>>> print(open('run06.tsv').read())   # TSV, C-alpha atoms and all ligand atoms
chain	number	residue	atom	x	y	z
A	41	MET	CA	63.33	-21.32	51.32
A	42	ALA	CA	62.53	-23.19	48.10
A	43	GLU	CA	59.22	-24.33	49.63
A	44	TYR	CA	58.19	-20.72	50.29
A	45	GLY	CA	59.84	-19.24	47.20
A	46	ILE	CA	62.04	-16.87	49.17
A	47	TYR	CA	65.62	-15.72	48.79
A	48	PRO	CA	67.96	-14.55	51.58
A	49	LYS	CA	68.13	-10.77	51.91
A	50	LYS	CA	71.73	-9.71	52.31
A	51	HIS	CA	70.84	-6.24	53.63
A	52	LEU	CA	69.02	-7.89	56.57
A	53	GLY	CA	71.99	-10.14	57.38
A	54	GLN	CA	70.05	-13.27	56.46
A	55	ASN	CA	72.55	-16.11	56.82
A	56	PHE	CA	70.56	-19.04	58.11
A	57	LEU	CA	72.15	-21.56	60.43
A	58	THR	CA	72.24	-25.07	58.97
A	59	ASP	CA	74.57	-26.78	61.46
A	60	ALA	CA	72.76	-28.83	64.11
A	61	HIS	CA	75.89	-29.04	66.31
A	62	VAL	CA	76.12	-25.26	66.54
A	63	LEU	CA	72.40	-25.01	67.31
A	64	ALA	CA	72.84	-27.51	70.16
A	65	LYS	CA	75.81	-25.53	71.55
A	66	ILE	CA	73.82	-22.28	71.54
A	67	VAL	CA	70.88	-23.87	73.36
A	68	ALA	CA	73.11	-25.65	75.90
A	69	ALA	CA	75.06	-22.45	76.63
A	70	ALA	CA	71.83	-20.57	77.37
A	71	GLU	CA	71.00	-23.07	80.18
A	72	ILE	CA	67.29	-22.61	79.60
A	73	SER	CA	64.76	-24.04	82.03
A	74	LYS	CA	60.98	-24.41	81.88
A	75	ASP	CA	60.72	-21.21	83.98
A	76	ASP	CA	62.55	-19.06	81.44
A	77	LEU	CA	61.34	-16.43	79.04
A	78	VAL	CA	63.64	-16.34	76.01
A	79	ILE	CA	63.69	-13.46	73.58
A	80	GLU	CA	65.10	-14.40	70.19
A	81	ILE	CA	66.25	-11.68	67.83
A	82	GLY	CA	65.92	-12.49	64.13
A	83	PRO	CA	64.37	-15.98	64.14
A	84	GLY	CA	64.66	-16.26	60.35
A	85	LEU	CA	63.14	-19.59	59.37
A	86	GLY	CA	62.82	-20.69	62.98
A	87	VAL	CA	65.47	-23.41	63.37
A	88	LEU	CA	66.75	-21.95	66.64
A	89	THR	CA	63.24	-20.89	67.73
A	90	ALA	CA	62.05	-24.50	67.66
A	91	GLU	CA	64.95	-25.69	69.83
A	92	LEU	CA	64.40	-22.84	72.30
A	93	ALA	CA	60.67	-23.62	72.46
A	94	LYS	CA	61.45	-27.18	73.57
A	95	CYS	CA	63.37	-25.96	76.66
A	96	ALA	CA	61.81	-22.61	77.65
A	97	ALA	CA	58.50	-21.59	79.23
A	98	ASN	CA	57.94	-18.96	76.53
A	99	VAL	CA	59.81	-17.71	73.47
A	100	VAL	CA	59.19	-14.27	71.98
A	101	ALA	CA	60.85	-14.06	68.57
A	102	ILE	CA	61.32	-10.62	67.03
A	103	GLU	CA	61.68	-10.63	63.23
A	104	ILE	CA	61.75	-7.56	60.98
A	105	ASP	CA	61.08	-9.40	57.71
A	106	THR	CA	57.32	-9.51	57.03
A	107	LYS	CA	57.52	-12.56	54.77
A	108	LEU	CA	59.59	-14.53	57.29
A	109	SER	CA	57.31	-13.58	60.17
A	110	GLU	CA	54.29	-14.81	58.14
A	111	ILE	CA	56.09	-18.12	57.51
A	112	LEU	CA	57.01	-18.40	61.20
A	113	GLU	CA	53.34	-17.89	62.16
A	114	GLN	CA	52.43	-20.82	59.92
A	115	THR	CA	55.24	-23.09	61.08
A	116	VAL	CA	57.02	-22.79	64.43
A	117	ALA	CA	54.27	-20.73	66.13
A	118	LYS	CA	51.69	-23.35	65.07
A	119	GLU	CA	53.86	-26.23	66.22
A	120	PHE	CA	54.76	-24.70	69.60
A	121	ALA	CA	52.07	-22.97	71.67
A	122	ASN	CA	54.75	-21.20	73.76
A	123	VAL	CA	56.18	-19.27	70.77
A	124	ARG	CA	55.06	-15.73	69.91
A	125	ILE	CA	56.27	-13.99	66.77
A	126	LEU	CA	56.56	-10.20	66.76
A	127	ARG	CA	57.11	-8.49	63.41
A	128	GLU	CA	59.30	-5.64	64.61
A	129	ASP	CA	62.65	-3.95	64.24
A	130	ILE	CA	64.69	-4.94	67.30
A	131	LEU	CA	66.27	-1.47	67.33
A	132	LYS	CA	62.82	0.06	67.91
A	133	ALA	CA	61.22	-2.70	69.99
A	134	ASP	CA	60.28	-2.04	73.62
A	135	VAL	CA	62.04	-5.11	75.03
A	136	GLY	CA	61.41	-4.04	78.65
A	137	GLY	CA	57.68	-3.78	77.84
A	138	ILE	CA	57.72	-7.19	76.14
A	139	ILE	CA	59.27	-8.82	79.23
A	140	ALA	CA	56.79	-7.12	81.59
A	141	ALA	CA	53.77	-7.92	79.38
A	142	SER	CA	54.86	-11.57	79.22
A	143	GLY	CA	54.54	-11.75	83.01
A	144	PHE	CA	58.18	-12.70	83.67
A	145	ALA	CA	60.58	-11.02	86.07
A	146	SER	CA	63.50	-11.46	83.67
A	147	ALA	CA	64.50	-12.87	80.30
A	148	LYS	CA	67.41	-14.39	78.40
A	149	ILE	CA	68.39	-13.19	74.95
A	150	VAL	CA	69.38	-15.86	72.44
A	151	ALA	CA	70.14	-14.94	68.84
A	152	ASN	CA	72.04	-15.57	65.68
A	153	LEU	CA	72.33	-11.82	65.24
A	154	PRO	CA	72.13	-9.91	61.98
A	155	TYR	CA	75.75	-8.69	61.83
A	156	TYR	CA	75.00	-5.22	60.44
A	157	ILE	CA	73.51	-4.24	63.82
A	158	THR	CA	75.50	-6.39	66.31
A	159	ALA	CA	76.84	-3.55	68.47
A	160	PRO	CA	73.65	-1.40	68.55
A	161	VAL	CA	71.60	-4.47	69.53
A	162	ILE	CA	73.92	-5.71	72.28
A	163	PHE	CA	74.83	-2.33	73.76
A	164	GLY	CA	71.33	-0.92	73.17
A	165	LEU	CA	69.88	-3.67	75.37
A	166	LEU	CA	72.66	-3.47	77.97
A	167	GLU	CA	72.45	0.32	78.30
A	168	GLN	CA	68.71	0.15	79.05
A	169	LYS	CA	69.55	-1.97	82.14
A	170	LEU	CA	66.63	-4.31	81.41
A	171	PRO	CA	65.96	-7.39	83.54
A	172	ILE	CA	68.03	-9.58	81.19
A	173	THR	CA	70.18	-12.18	82.95
A	174	ALA	CA	72.23	-13.49	80.01
A	175	MET	CA	72.75	-13.21	76.28
A	176	VAL	CA	73.94	-16.04	74.06
A	177	VAL	CA	74.62	-14.55	70.66
A	178	MET	CA	76.29	-15.39	67.38
A	179	VAL	CA	78.51	-12.53	66.24
A	180	GLN	CA	81.32	-12.03	63.74
A	181	LYS	CA	84.52	-13.73	64.94
A	182	GLU	CA	86.35	-10.40	64.75
A	183	VAL	CA	83.77	-8.78	67.04
A	184	ALA	CA	83.98	-11.73	69.48
A	185	ASP	CA	87.78	-11.35	69.52
A	186	ARG	CA	87.43	-7.69	70.49
A	187	PHE	CA	84.89	-8.46	73.21
A	188	LEU	CA	87.04	-11.23	74.72
A	189	ALA	CA	90.51	-9.72	74.22
A	190	ALA	CA	93.13	-9.72	76.98
A	191	ALA	CA	94.75	-6.45	78.08
A	192	GLY	CA	97.82	-5.59	76.05
A	193	THR	CA	96.66	-7.28	72.84
A	194	LYS	CA	95.78	-5.50	69.58
A	195	ALA	CA	92.10	-6.51	69.77
A	196	TYR	CA	91.76	-5.07	73.30
A	197	GLY	CA	90.02	-1.74	73.67
A	198	ILE	CA	86.78	0.15	74.12
A	199	PRO	CA	84.45	-2.74	73.06
A	200	THR	CA	86.21	-5.14	75.48
A	201	LEU	CA	85.91	-2.78	78.42
A	202	SER	CA	82.39	-1.59	77.54
A	203	LEU	CA	81.17	-5.17	77.57
A	204	ALA	CA	83.08	-5.95	80.78
A	205	TYR	CA	81.24	-3.03	82.40
A	206	TYR	CA	77.93	-4.83	81.91
A	207	GLY	CA	78.94	-8.44	82.47
A	208	LYS	CA	81.24	-11.38	81.95
A	209	ALA	CA	81.71	-12.64	78.40
A	210	ALA	CA	82.93	-16.09	77.36
A	211	LEU	CA	83.52	-17.87	74.07
A	212	ILE	CA	81.14	-20.77	73.46
A	213	ALA	CA	82.08	-21.86	69.93
A	214	ASN	CA	83.88	-20.77	66.79
A	215	VAL	CA	81.65	-21.17	63.75
A	216	PRO	CA	82.92	-21.47	60.16
A	217	PRO	CA	81.08	-19.95	57.14
A	218	HIS	CA	79.89	-23.39	55.94
A	219	SER	CA	77.60	-23.66	58.99
A	220	PHE	CA	75.25	-21.16	57.29
A	221	HIS	CA	73.25	-20.79	54.11
A	222	PRO	CA	74.18	-18.66	52.31
A	223	ARG	CA	77.78	-18.69	53.54
A	224	PRO	CA	78.81	-15.36	55.07
A	225	ASP	CA	82.15	-13.79	54.02
A	226	VAL	CA	83.37	-13.88	57.62
A	227	TYR	CA	83.98	-16.39	60.39
A	228	SER	CA	81.57	-16.29	63.32
A	229	ALA	CA	81.57	-17.11	67.03
A	230	VAL	CA	78.97	-17.77	69.69
A	231	ILE	CA	79.55	-15.87	72.91
A	232	LYS	CA	77.75	-15.83	76.23
A	233	ILE	CA	77.41	-12.65	78.27
A	234	GLU	CA	76.38	-13.14	81.89
A	235	ILE	CA	75.00	-9.82	82.96
A	236	ASN	CA	76.02	-8.17	86.19
A	237	PRO	CA	72.81	-6.51	87.40
A	238	ARG	CA	74.60	-4.16	89.79
A	239	ARG	CA	77.52	-2.19	88.50
A	240	ASP	CA	78.67	0.31	91.10
A	241	ILE	CA	81.02	2.25	88.84
A	242	ASN	CA	79.60	5.52	87.58
A	243	SER	CA	79.02	5.12	83.82
A	244	LYS	CA	79.34	8.90	83.33
A	245	ILE	CA	82.95	8.59	84.49
A	246	PHE	CA	83.88	5.10	83.27
A	247	PHE	CA	82.91	5.50	79.59
A	248	PRO	CA	84.57	8.91	78.98
A	249	LEU	CA	87.63	7.52	80.83
A	250	ILE	CA	88.02	4.48	78.56
A	251	ARG	CA	87.35	6.56	75.43
A	252	ALA	CA	90.07	8.99	76.52
A	253	ALA	CA	92.51	6.21	77.43
A	254	PHE	CA	92.22	4.66	73.95
A	255	ALA	CA	92.02	7.91	71.97
A	256	ASN	CA	95.65	7.48	70.94
A	257	ARG	CA	97.21	4.08	71.53
A	258	ARG	CA	100.77	5.34	71.10
A	259	LYS	CA	100.47	7.94	73.86
A	260	THR	CA	100.84	7.26	77.56
A	261	LEU	CA	97.71	7.06	79.68
A	262	ALA	CA	98.67	10.35	81.40
A	263	ASN	CA	98.87	12.18	78.06
A	264	CYS	CA	95.65	10.61	76.77
A	265	LEU	CA	93.73	11.56	79.91
A	266	SER	CA	94.97	15.16	80.04
A	267	ALA	CA	94.35	15.63	76.30
A	268	ASN	CA	90.87	14.12	76.25
A	269	LEU	CA	89.36	14.66	79.69
A	270	ASN	CA	88.92	17.85	81.62
A	271	LEU	CA	92.16	17.20	83.59
A	272	THR	CA	95.48	19.04	83.83
A	273	LYS	CA	98.70	17.06	83.31
A	274	GLU	CA	99.29	17.22	87.08
A	275	GLN	CA	95.81	15.89	87.89
A	276	ALA	CA	96.21	13.03	85.38
A	277	ALA	CA	99.60	12.13	86.91
A	278	ALA	CA	98.15	12.24	90.44
A	279	LEU	CA	95.25	10.00	89.42
A	280	ILE	CA	97.57	7.41	87.90
A	281	GLN	CA	99.86	7.51	90.93
A	282	GLU	CA	96.97	7.09	93.37
A	283	ALA	CA	95.79	4.04	91.40
A	284	GLY	CA	99.26	2.54	92.01
A	285	LEU	CA	100.14	2.52	88.30
A	286	PRO	CA	103.51	3.45	86.72
A	287	PRO	CA	103.56	7.05	85.36
A	288	THR	CA	104.41	6.01	81.78
A	289	ILE	CA	101.86	3.23	81.47
A	290	ARG	CA	99.64	3.06	78.35
A	291	GLY	CA	95.88	2.52	78.47
A	292	GLU	CA	96.07	-0.79	76.62
A	293	ALA	CA	98.13	-2.33	79.46
A	294	LEU	CA	95.34	-1.77	82.01
A	295	ASN	CA	92.73	-4.39	82.78
A	296	PHE	CA	89.10	-3.82	83.73
A	297	SER	CA	89.87	-3.63	87.49
A	298	ASP	CA	92.47	-0.92	86.82
A	299	PHE	CA	89.86	1.17	84.99
A	300	GLU	CA	87.37	0.45	87.75
A	301	ARG	CA	89.87	1.78	90.30
A	302	LEU	CA	90.70	4.84	88.19
A	303	SER	CA	86.96	5.62	87.86
A	304	GLU	CA	86.45	5.43	91.63
A	305	ILE	CA	89.39	7.75	92.27
A	306	MET	CA	88.17	10.19	89.60
A	307	GLU	CA	84.73	10.27	91.15
A	308	ARG	CA	86.29	11.28	94.48
A	309	MET	CA	88.48	13.91	92.78
A	310	ILE	CA	85.56	15.68	91.07
A	401	LIG	N1	67.89	-17.24	63.55
A	401	LIG	C1	67.98	-17.59	62.16
A	401	LIG	C2	69.03	-18.67	61.97
A	401	LIG	O1	69.86	-18.83	62.89
A	401	LIG	O2	69.02	-19.34	60.95
A	401	LIG	C3	68.30	-16.37	61.27
A	401	LIG	C4	69.52	-15.58	61.65
A	401	LIG	S1	69.97	-14.36	60.45
A	401	LIG	C5	71.71	-14.23	60.78
A	401	LIG	C6	69.40	-12.83	61.12
A	401	LIG	C7	67.88	-12.63	61.17
A	401	LIG	O3	67.62	-11.34	61.74
A	401	LIG	C8	67.18	-12.63	59.82
A	401	LIG	O4	66.04	-13.44	59.90
A	401	LIG	C9	66.78	-11.18	59.58
A	401	LIG	O5	65.65	-11.00	58.78
A	401	LIG	C10	66.57	-10.69	61.00
A	401	LIG	N2	66.75	-9.24	61.18
A	401	LIG	C11	67.57	-8.41	60.50
A	401	LIG	N3	67.46	-7.16	60.96
A	401	LIG	C12	66.58	-7.19	61.98
A	401	LIG	C13	66.04	-6.19	62.86
A	401	LIG	N4	66.43	-4.92	62.78
A	401	LIG	N5	65.12	-6.57	63.78
A	401	LIG	C14	64.71	-7.88	63.88
A	401	LIG	N6	65.19	-8.86	63.07
A	401	LIG	C15	66.11	-8.53	62.14
>>> encode(input="run06.tsv", output="structure tokens")
Amino acid sequence: MAEYGIYPKKHLGQNFLTDAHVLAKIVAAAEISKDDLVIEIGPGLGVLTAELAKCAANVVAIEIDTKLSEILEQTVAKEFANVRILREDILKADVGGIIAASGFASAKIVANLPYYITAPVIFGLLEQKLPITAMVVMVQKEVADRFLAAAGTKAYGIPTLSLAYYGKAALIANVPPHSFHPRPDVYSAVIKIEINPRRDINSKIFFPLIRAAFANRRKTLANCLSANLNLTKEQAAALIQEAGLPPTIRGEALNFSDFERLSEIMERMI
């Protein structure tokens, strides 16, 4: 940064990774081969980009910051012929188009994400059902905890189940603030999401169902469903009974398979 006379922009979530061990863990977790297209979100000064370029066929790195993208053109894109820098906002980028135009059938996402847009980036990509096989991303520790939470715990809820709908998430590494410059105020974690390309459950039923189930954590599932879905108390009770669940159970006690089963039954009921 001193060489280029630049300062980190807090509003763009610019906390640059300075820990080589963490970099190595991210790259290893992505299991990149010479056949892979990797899309990196927010390459920053290119430390991760360079490591990805060594393992992948091609790397497309999407950076919103004009100054950083100019620096990346002069550095990592010059050093590695398989790196392409796109100066774009990831929230507006046509990632499906980028994959198709690169001539690959699928891609992996690898990123030390800007934390102010973690959820819109991850769920935005997942909801588009793009040919993405896996994501290895750095997120806030608190967000990782919610994604990976077990049923019945405080962190468990809509983010956990929403992510489970699209794939299987696992913790790769916990990352302390001193692994970055400047140090963020929060702890971080690297997670890997292996995407399930075929999800048979109807999203139009599953997502309203989980939102209703967690609308009030102190209420029973039956009360939550009748208050927040278009169901009578009797229909909610019948649904829970048919799923083989106790009548007074709360939403937070149910795991992903329970919600999967409830969705299937609801689809038949409608
Ligand atoms: N990958 C680098 C590293 O690990 O050191 C930088 C990671 S830093 C946490 C996040 C990066 O995302 C910054 O370079 C920032 O400019 C970029 N960024 C922020 N918002 C973005 C957006 N909407 N679209 C694309 N890149 C963005």
>>> axis_aligned_box(input="run06.tsv", around="ligand LIG 401 (chain A)", padding_each_side="3 Å", output="JSON")
{"center_x": 68.2, "center_y": -12.1, "center_z": 61.3, "size_x": 13.0, "size_y": 20.4, "size_z": 11.1}
>>> residues_near_point(input="run06.tsv", point="(71.6, -13.1, 51.3)", cutoff="12 Å", atoms="only C-alpha atoms", output="compact mmCIF listing (two decimals) with C-alpha atoms, in the coordinates of the input")
# COMPACT_ATOMS: atom_id res chain seq x y z
CA MET A 41 63.33 -21.32 51.32
CA ILE A 46 62.04 -16.87 49.17
CA TYR A 47 65.62 -15.72 48.79
CA PRO A 48 67.96 -14.55 51.58
CA LYS A 49 68.13 -10.77 51.91
CA LYS A 50 71.73 -9.71 52.31
CA HIS A 51 70.84 -6.24 53.63
CA LEU A 52 69.02 -7.89 56.57
CA GLY A 53 71.99 -10.14 57.38
CA GLN A 54 70.05 -13.27 56.46
CA ASN A 55 72.55 -16.11 56.82
CA PHE A 56 70.56 -19.04 58.11
CA GLY A 84 64.66 -16.26 60.35
CA PRO A 154 72.13 -9.91 61.98
CA PHE A 220 75.25 -21.16 57.29
CA HIS A 221 73.25 -20.79 54.11
CA PRO A 222 74.18 -18.66 52.31
CA ARG A 223 77.78 -18.69 53.54
CA PRO A 224 78.81 -15.36 55.07
CA ASP A 225 82.15 -13.79 54.02
>>> residues_around(input="run06.tsv", residues="A:Glu113", least_positions_apart="3", cutoff="10 Å", atoms="only C-alpha atoms", output="MDAnalysis selection string")
chainID A and resid 86 108:110 116:119 123:126
>>> write_last_selection(input="run06.tsv", atoms="C-alpha atoms", output="tab-separated table (two decimals), keeping the file's coordinate frame")
chain	number	residue	atom	x	y	z
A	86	GLY	CA	62.82	-20.69	62.98
A	108	LEU	CA	59.59	-14.53	57.29
A	109	SER	CA	57.31	-13.58	60.17
A	110	GLU	CA	54.29	-14.81	58.14
A	116	VAL	CA	57.02	-22.79	64.43
A	117	ALA	CA	54.27	-20.73	66.13
A	118	LYS	CA	51.69	-23.35	65.07
A	119	GLU	CA	53.86	-26.23	66.22
A	123	VAL	CA	56.18	-19.27	70.77
A	124	ARG	CA	55.06	-15.73	69.91
A	125	ILE	CA	56.27	-13.99	66.77
A	126	LEU	CA	56.56	-10.20	66.76
>>> closest_atom_pairs(input="run06.tsv", of="chain A", to="ligand LIG 401 (chain A)", cutoff="7 Å", atoms="all atoms listed in the file", output="tab-separated table")
residue	atom	partner	partner_atom	distance
A:Leu52	CA	A:LIG401	C11	4.2
A:Gly53	CA	A:LIG401	C6	5.3
A:Gln54	CA	A:LIG401	S1	4.1
A:Asn55	CA	A:LIG401	C5	4.5
A:Phe56	CA	A:LIG401	O2	3.2
A:Leu57	CA	A:LIG401	O2	3.9
A:Thr58	CA	A:LIG401	O2	6.9
A:Ile81	CA	A:LIG401	N6	5.6
A:Gly82	CA	A:LIG401	O3	3.2
A:Pro83	CA	A:LIG401	N1	3.8
A:Gly84	CA	A:LIG401	O4	3.2
A:Leu85	CA	A:LIG401	C1	5.9
A:Gly86	CA	A:LIG401	C1	6.1
A:Val87	CA	A:LIG401	O2	5.9
A:Leu88	CA	A:LIG401	N1	5.7
A:Ile102	CA	A:LIG401	C14	5.4
A:Glu103	CA	A:LIG401	N6	3.9
A:Ile104	CA	A:LIG401	C14	4.2
A:Asp105	CA	A:LIG401	O5	5.0
A:Glu128	CA	A:LIG401	C14	5.9
A:Asp129	CA	A:LIG401	N5	3.6
A:Ile130	CA	A:LIG401	N5	3.9
A:Leu131	CA	A:LIG401	N4	5.7
A:Ala151	CA	A:LIG401	N1	6.2
A:Asn152	CA	A:LIG401	C4	4.8
A:Leu153	CA	A:LIG401	C5	5.1
A:Pro154	CA	A:LIG401	C6	4.1
A:Tyr155	CA	A:LIG401	C5	6.9
>>> residues_around(input="run06.tsv", residues="A:Asp59", least_positions_apart="5", cutoff="9 Å", atoms="only C-alpha atoms", output="list in words")
Ala64, His218, Ser219 and Phe220 of chain A
